[in-house]
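Have a look at upload_30.txt; it's compact mmCIF, C-alpha atoms:
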```txt
# COMPACT_ATOMS: atom_id res chain seq x y z
CA MET A 1 -3.02 13.51 8.58
CA LEU A 2 -4.58 10.54 10.36
CA ILE A 3 -7.06 8.96 7.91
CA TYR A 4 -7.88 5.65 9.65
CA ASP A 5 -7.77 4.53 13.30
CA GLN A 6 -9.48 1.23 14.14
CA ASP A 7 -8.53 -2.03 15.82
CA SER A 8 -4.99 -0.80 16.72
CA ILE A 9 -4.27 0.05 13.07
CA ARG A 10 -3.60 3.64 12.03
CA LEU A 11 -3.12 5.10 8.56
CA TYR A 12 -1.51 8.45 7.93
CA ALA A 13 -1.35 10.35 4.64
CA THR A 14 0.45 13.46 3.49
CA GLU A 15 0.48 15.28 0.19
CA ILE A 16 3.49 15.30 -2.09
CA PRO A 17 3.27 18.67 -3.84
CA PRO A 18 3.67 18.92 -7.62
CA LEU A 19 7.33 19.06 -8.51
CA PRO A 20 9.04 21.01 -11.28
CA GLU A 21 10.18 18.86 -14.19
CA GLY A 22 13.82 18.28 -14.97
CA ILE A 23 15.32 18.48 -11.48
CA PRO A 24 17.27 15.25 -10.88
CA GLY A 25 16.46 13.65 -7.53
CA ALA A 26 13.58 16.02 -6.69
CA ARG A 27 11.02 13.19 -6.51
CA SER A 28 13.20 11.15 -4.13
CA VAL A 29 13.79 14.16 -1.86
CA ALA A 30 10.05 14.95 -1.79
CA GLU A 31 9.15 11.32 -0.97
CA LYS A 32 11.70 11.15 1.88
CA ALA A 33 10.43 14.44 3.30
CA ALA A 34 6.85 13.14 3.15
CA VAL A 35 7.80 9.95 5.03
CA LYS A 36 9.58 12.02 7.71
CA ARG A 37 6.38 14.10 8.14
CA LEU A 38 4.34 10.90 8.54
CA VAL A 39 6.72 9.47 11.17
CA ARG A 40 6.74 12.75 13.14
CA GLU A 41 2.93 12.82 13.14
CA ALA A 42 2.53 9.15 14.08
CA PHE A 43 5.23 9.20 16.78
CA PRO A 44 5.44 12.79 18.10
CA GLY A 45 8.29 13.61 20.46
CA THR A 46 9.90 10.16 20.21
CA GLY A 47 12.69 10.96 17.77
CA ALA A 48 11.56 7.92 15.77
CA ARG A 49 12.96 7.58 12.31
CA MET A 50 12.52 5.28 9.37
CA ALA A 51 15.25 2.80 8.52
CA HIS A 52 15.36 -0.02 5.98
CA ARG A 53 16.25 -3.69 6.25
CA GLU A 54 18.60 -5.33 3.75
CA SER A 55 15.50 -6.44 1.82
CA GLY A 56 14.41 -2.79 1.51
CA ALA A 57 11.49 -3.20 3.91
CA PRO A 58 11.03 -0.19 6.20
CA TYR A 59 11.14 -0.37 9.98
CA LEU A 60 11.11 2.10 12.86
CA GLU A 61 14.06 3.11 14.98
CA GLY A 62 13.13 4.75 18.27
CA ALA A 63 9.47 3.67 18.44
CA GLU A 64 7.42 0.51 18.83
CA GLY A 65 5.28 -0.83 16.04
CA ILE A 66 5.21 -2.21 12.54
CA VAL A 67 5.01 0.11 9.54
CA SER A 68 4.25 -0.17 5.86
CA ILE A 69 4.92 2.75 3.53
CA SER A 70 3.78 3.65 0.05
CA HIS A 71 4.00 6.73 -2.11
CA CYS A 72 2.75 7.80 -5.49
CA ARG A 73 2.98 11.07 -7.38
CA ARG A 74 0.47 12.87 -5.19
CA MET A 75 0.73 11.32 -1.73
CA ALA A 76 2.67 9.27 0.79
CA VAL A 77 0.85 6.85 3.10
CA MET A 78 2.03 5.00 6.21
CA ALA A 79 0.22 2.15 7.98
CA VAL A 80 1.13 1.54 11.63
CA GLY A 81 0.23 -1.50 13.72
CA PRO A 82 1.40 -3.21 16.90
CA GLU A 83 4.50 -5.44 16.84
CA GLY A 84 3.73 -8.77 15.17
CA THR A 85 1.05 -7.31 12.90
CA ARG A 86 1.18 -8.25 9.25
CA ILE A 87 0.17 -5.15 7.35
CA GLY A 88 0.77 -3.75 3.90
CA VAL A 89 -0.37 -0.52 2.28
CA ASP A 90 -0.15 0.71 -1.28
CA CYS A 91 -1.35 3.88 -2.96
CA GLU A 92 -1.60 4.74 -6.65
CA SER A 93 -2.52 7.79 -8.66
CA GLY A 94 -2.17 9.03 -12.18
CA ASN A 95 -2.86 7.55 -15.54
CA ARG A 96 -1.03 4.23 -15.57
CA ALA A 97 -3.70 2.22 -17.35
CA GLY A 98 -1.55 1.61 -20.43
CA GLN A 99 1.40 0.47 -18.33
CA LEU A 100 -0.81 -1.75 -16.13
CA ARG A 101 -2.43 -3.34 -19.20
CA ARG A 102 1.02 -4.19 -20.60
CA VAL A 103 2.22 -5.81 -17.36
CA ALA A 104 -1.12 -7.37 -16.31
CA PRO A 105 -0.04 -10.89 -17.43
CA ARG A 106 2.87 -10.62 -14.97
CA PHE A 107 0.81 -9.67 -11.91
CA LEU A 108 -2.57 -11.29 -12.68
CA SER A 109 -3.10 -15.04 -13.01
CA LYS A 110 -4.91 -16.20 -16.15
CA GLU A 111 -8.11 -16.60 -14.11
CA GLN A 112 -7.80 -13.11 -12.65
CA GLN A 113 -7.13 -11.44 -16.01
CA GLY A 114 -10.70 -12.00 -17.25
CA VAL A 115 -12.30 -10.16 -14.35
CA TRP A 116 -9.65 -7.76 -13.11
CA SER A 117 -8.51 -6.35 -16.45
CA ALA A 118 -12.06 -5.43 -17.50
CA SER A 119 -11.58 -1.75 -16.64
CA GLU A 120 -8.95 0.78 -15.66
CA ALA A 121 -10.33 0.92 -12.10
CA MET A 122 -10.21 -2.87 -11.74
CA LEU A 123 -6.57 -2.94 -12.88
CA PHE A 124 -5.65 -0.22 -10.36
CA TRP A 125 -7.44 -2.07 -7.55
CA ALA A 126 -5.79 -5.39 -8.45
CA TRP A 127 -2.33 -3.78 -8.63
CA THR A 128 -2.66 -1.92 -5.32
CA ILE A 129 -4.13 -4.97 -3.54
CA LYS A 130 -1.29 -7.18 -4.74
CA GLU A 131 1.40 -4.64 -3.82
CA ALA A 132 -0.08 -4.25 -0.32
CA ALA A 133 -0.50 -8.02 0.06
CA TYR A 134 3.12 -8.63 -0.96
CA LYS A 135 4.25 -6.23 1.79
CA ALA A 136 1.96 -7.83 4.39
CA ALA A 137 2.99 -11.40 3.54
CA LEU A 138 6.70 -10.74 4.23
CA ASP A 139 7.70 -13.41 1.70
CA PRO A 140 10.25 -12.22 -0.89
CA SER A 141 9.76 -15.42 -2.92
CA LEU A 142 6.04 -14.67 -3.42
CA ARG A 143 5.11 -13.82 -7.00
CA LEU A 144 2.43 -11.17 -7.54
CA SER A 145 0.50 -13.45 -9.91
CA GLU A 146 0.17 -16.00 -7.04
CA ILE A 147 -1.56 -13.52 -4.73
CA PRO A 148 -5.33 -14.10 -4.69
CA LEU A 149 -7.81 -11.25 -5.04
CA PRO A 150 -10.91 -10.81 -2.85
CA ALA A 151 -14.55 -11.24 -3.89
CA GLU A 152 -15.22 -7.62 -2.87
CA ILE A 153 -13.29 -4.47 -2.01
CA PRO A 154 -14.99 -2.74 0.91
CA LEU A 155 -14.25 0.77 2.12
CA GLY A 156 -12.75 0.50 5.63
CA ARG A 157 -12.26 -2.54 7.90
CA GLY A 158 -12.92 -5.40 5.49
CA THR A 159 -15.47 -8.20 5.56
CA LYS A 160 -15.51 -11.99 5.17
CA ASP A 161 -15.87 -11.46 1.41
CA SER A 162 -12.72 -9.35 1.37
CA GLU A 163 -10.50 -12.02 2.94
CA ILE A 164 -7.73 -13.79 1.07
CA SER A 165 -5.26 -16.50 2.02
CA ILE A 166 -1.54 -16.34 1.29
CA GLY A 167 0.72 -19.19 2.38
CA GLY A 168 -1.97 -20.53 4.72
CA ARG A 169 -2.43 -17.16 6.49
CA GLY A 170 -5.61 -15.10 6.33
CA TYR A 171 -5.67 -11.43 5.35
CA ARG A 172 -8.41 -8.80 5.10
CA VAL A 173 -8.37 -6.37 2.19
CA PHE A 174 -9.96 -2.94 2.28
CA GLN A 175 -9.79 0.39 0.55
CA ALA A 176 -9.02 3.30 2.86
CA ASP A 177 -10.91 6.54 2.45
CA SER A 178 -8.35 8.69 0.65
CA PRO A 179 -8.15 12.43 1.33
CA ASP A 180 -7.42 12.83 -2.39
CA PRO A 181 -10.09 11.34 -4.69
CA ALA A 182 -7.42 10.80 -7.37
CA VAL A 183 -5.48 8.40 -5.09
CA ILE A 184 -6.44 4.79 -4.37
CA ILE A 185 -5.23 3.45 -1.00
CA MET A 186 -5.43 -0.29 -0.35
CA VAL A 187 -4.65 -2.01 2.94
CA VAL A 188 -4.01 -5.72 3.50
CA LEU A 189 -4.06 -6.81 7.14
CA GLY A 190 -3.34 -10.21 8.67
CA VAL A 191 -6.30 -11.68 10.59
```
Serialized structure, structure tokens:
Amino acid sequence: MLIYDQDSIRLYATEIPPLPEGIPGARSVAEKAAVKRLVREAFPGTGARMAHRESGAPYLEGAEGIVSISHCRRMAVMAVGPEGTRIGVDCESGNRAGQLRRVAPRFLSKEQQGVWSASEAMLFWAWTIKEAAYKAALDPSLRLSEIPLPAEIPLGRGTKDSEISIGGRGYRVFQADSPDPAVIIMVVLGV
């Protein structure tokens, strides 16, 4: 389902249904099926398909545009922009607060830890912003702890207060309106 369409950027989301426990590979099959649904919806009748670069980054075969993909237990999300766009998307769901607290020193700088580890929601936002920013920056040497966090996290589009700079490039950060209230979707877009 199309959940965002502004300024030549589109976001699509699809549910990943609950899976039975104990079936090896079921999660991977469900995630791949969800991505195929997203590509068919975004590029109907083109025969487009998702492929992956050596780095693991996804790209489209058979259609024009840049994509970023994320999936969590409940949903898969795909961001689409014109060629040359720097865009990253990440989604998260579930109760990962304990895990995020344990790894926070690896993805948050010392300065960020004081503010961004204050609550479960702040940790989720910081994690999803950094994952999306890493994808948008296209720099495999970038460490998550080096990625700055914005002064605010607006819903849709982004503002001056939601801009960050990575490697001298500007990016807007915003939270997309998720069709599932249990899923956080963050977008980082080059400006």
* Spatial neighbours of segment 19-27 of chain A, max dist 10 Å, all atoms listed in the file, sep filter under 6 positions, as a ChimeraX atom specification -> /A:33,72-74
* **Two-atom distance - atom CA of Ser28 of chain A, atom CA of Arg86 of chain A (Å)** =>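 Separation of atom CA of Ser28 of chain A and atom CA of Arg86 of chain A: 26.5 Å.
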* Residue nearest Val115 of chain A among A:Pro140, A:Pro150, A:Gly170, A:Gly56 (counting all atoms listed in the file) ->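 For Val115 of chain A, the nearest of the candidates is A:Pro150.
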* **Separation of atom CA of Glu120 of chain A from atom CA of Ala97 of chain A, in Å and rounded to one decimal** =>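 If I compute the distance from atom CA of Glu120 of chain A to atom CA of Ala97 of chain A, I get 5.7 Å.
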* Asked: Near Ala133 of chain A, counting only C-alpha atoms, which residues have an atom at most 10 Å away, once you skip same-chain residues fewer than 3 positions from it, shown as a ChimeraX atom specification?
  -> /A:86-90,127-130,136-139,142,144,147-149,164-166,171-173,186-190
* Asked: Which residue gives the smallest distance to Phe174 of chain A among A:Ser93, A:Ser162, A:Ser109, A:Ser8, with all atoms listed in the file counted?
  -> A:Ser162
Once all heavy atoms are restored for segment 145-156 of chain A, what would the output be as a JSON list (two decimals), in the coordinates of the input?
```
[["chain", "number", "residue", "atom", "x", "y", "z"],
["A", 145, "SER", "N", 1.56, -12.70, -9.24],
["A", 145, "SER", "CA", 0.50, -13.45, -9.91],
["A", 145, "SER", "C", -0.08, -14.56, -9.02],
["A", 145, "SER", "O", -1.19, -15.02, -9.26],
["A", 145, "SER", "CB", 1.00, -14.05, -11.22],
["A", 145, "SER", "OG", 2.05, -14.97, -10.97],
["A", 146, "GLU", "N", 0.65, -14.96, -7.96],
["A", 146, "GLU", "CA", 0.17, -16.00, -7.04],
["A", 146, "GLU", "C", -0.73, -15.44, -5.94],
["A", 146, "GLU", "O", -1.37, -16.20, -5.22],
["A", 146, "GLU", "CB", 1.36, -16.70, -6.38],
["A", 146, "GLU", "CG", 2.27, -17.43, -7.34],
["A", 146, "GLU", "CD", 3.56, -17.89, -6.70],
["A", 146, "GLU", "OE1", 3.92, -17.43, -5.60],
["A", 146, "GLU", "OE2", 4.24, -18.73, -7.33],
["A", 147, "ILE", "N", -0.76, -14.14, -5.80],
["A", 147, "ILE", "CA", -1.56, -13.52, -4.73],
["A", 147, "ILE", "C", -3.02, -13.51, -5.16],
["A", 147, "ILE", "O", -3.36, -12.99, -6.23],
["A", 147, "ILE", "CB", -1.07, -12.09, -4.43],
["A", 147, "ILE", "CG1", 0.36, -12.15, -3.89],
["A", 147, "ILE", "CG2", -2.02, -11.40, -3.44],
["A", 147, "ILE", "CD1", 1.02, -10.79, -3.72],
["A", 148, "PRO", "N", -3.92, -14.09, -4.34],
["A", 148, "PRO", "CA", -5.33, -14.10, -4.69],
["A", 148, "PRO", "C", -5.94, -12.70, -4.53],
["A", 148, "PRO", "O", -5.38, -11.85, -3.85],
["A", 148, "PRO", "CB", -5.95, -15.08, -3.69],
["A", 148, "PRO", "CG", -5.02, -15.05, -2.53],
["A", 148, "PRO", "CD", -3.66, -14.76, -3.07],
["A", 149, "LEU", "N", -7.08, -12.50, -5.16],
["A", 149, "LEU", "CA", -7.81, -11.25, -5.04],
["A", 149, "LEU", "C", -9.16, -11.52, -4.37],
["A", 149, "LEU", "O", -9.73, -12.60, -4.56],
["A", 149, "LEU", "CB", -7.99, -10.60, -6.41],
["A", 149, "LEU", "CG", -6.69, -10.08, -7.02],
["A", 149, "LEU", "CD1", -6.84, -9.80, -8.50],
["A", 149, "LEU", "CD2", -6.23, -8.82, -6.29],
["A", 150, "PRO", "N", -9.68, -10.58, -3.60],
["A", 150, "PRO", "CA", -10.91, -10.81, -2.85],
["A", 150, "PRO", "C", -12.16, -10.76, -3.73],
["A", 150, "PRO", "O", -12.13, -10.24, -4.85],
["A", 150, "PRO", "CB", -10.92, -9.66, -1.84],
["A", 150, "PRO", "CG", -10.21, -8.56, -2.54],
["A", 150, "PRO", "CD", -9.12, -9.25, -3.36],
["A", 151, "ALA", "N", -13.27, -11.28, -3.18],
["A", 151, "ALA", "CA", -14.55, -11.24, -3.89],
["A", 151, "ALA", "C", -15.13, -9.83, -3.90],
["A", 151, "ALA", "O", -15.92, -9.48, -4.77],
["A", 151, "ALA", "CB", -15.54, -12.21, -3.23],
["A", 152, "GLU", "N", -14.76, -9.01, -2.91],
["A", 152, "GLU", "CA", -15.22, -7.62, -2.87],
["A", 152, "GLU", "C", -14.12, -6.74, -2.30],
["A", 152, "GLU", "O", -13.20, -7.23, -1.66],
["A", 152, "GLU", "CB", -16.49, -7.47, -2.05],
["A", 152, "GLU", "CG", -16.28, -7.62, -0.56],
["A", 152, "GLU", "CD", -17.51, -7.25, 0.26],
["A", 152, "GLU", "OE1", -18.64, -7.40, -0.24],
["A", 152, "GLU", "OE2", -17.33, -6.80, 1.40],
["A", 153, "ILE", "N", -14.25, -5.44, -2.53],
["A", 153, "ILE", "CA", -13.29, -4.47, -2.01],
["A", 153, "ILE", "C", -14.08, -3.44, -1.19],
["A", 153, "ILE", "O", -14.56, -2.46, -1.72],
["A", 153, "ILE", "CB", -12.53, -3.76, -3.14],
["A", 153, "ILE", "CG1", -11.89, -4.78, -4.08],
["A", 153, "ILE", "CG2", -11.46, -2.84, -2.55],
["A", 153, "ILE", "CD1", -11.40, -4.18, -5.37],
["A", 154, "PRO", "N", -14.22, -3.68, 0.10],
["A", 154, "PRO", "CA", -14.99, -2.74, 0.91],
["A", 154, "PRO", "C", -14.18, -1.50, 1.28],
["A", 154, "PRO", "O", -12.96, -1.51, 1.24],
["A", 154, "PRO", "CB", -15.32, -3.56, 2.16],
["A", 154, "PRO", "CG", -14.18, -4.52, 2.27],
["A", 154, "PRO", "CD", -13.75, -4.82, 0.85],
["A", 155, "LEU", "N", -14.89, -0.45, 1.64],
["A", 155, "LEU", "CA", -14.25, 0.77, 2.12],
["A", 155, "LEU", "C", -14.16, 0.66, 3.63],
["A", 155, "LEU", "O", -15.18, 0.57, 4.32],
["A", 155, "LEU", "CB", -15.09, 1.99, 1.72],
["A", 155, "LEU", "CG", -14.49, 3.35, 2.02],
["A", 155, "LEU", "CD1", -13.17, 3.54, 1.29],
["A", 155, "LEU", "CD2", -15.46, 4.45, 1.61],
["A", 156, "GLY", "N", -12.96, 0.59, 4.18],
["A", 156, "GLY", "CA", -12.75, 0.50, 5.63],
["A", 156, "GLY", "C", -13.01, -0.88, 6.19],
["A", 156, "GLY", "O", -13.92, -1.57, 5.77]]
```
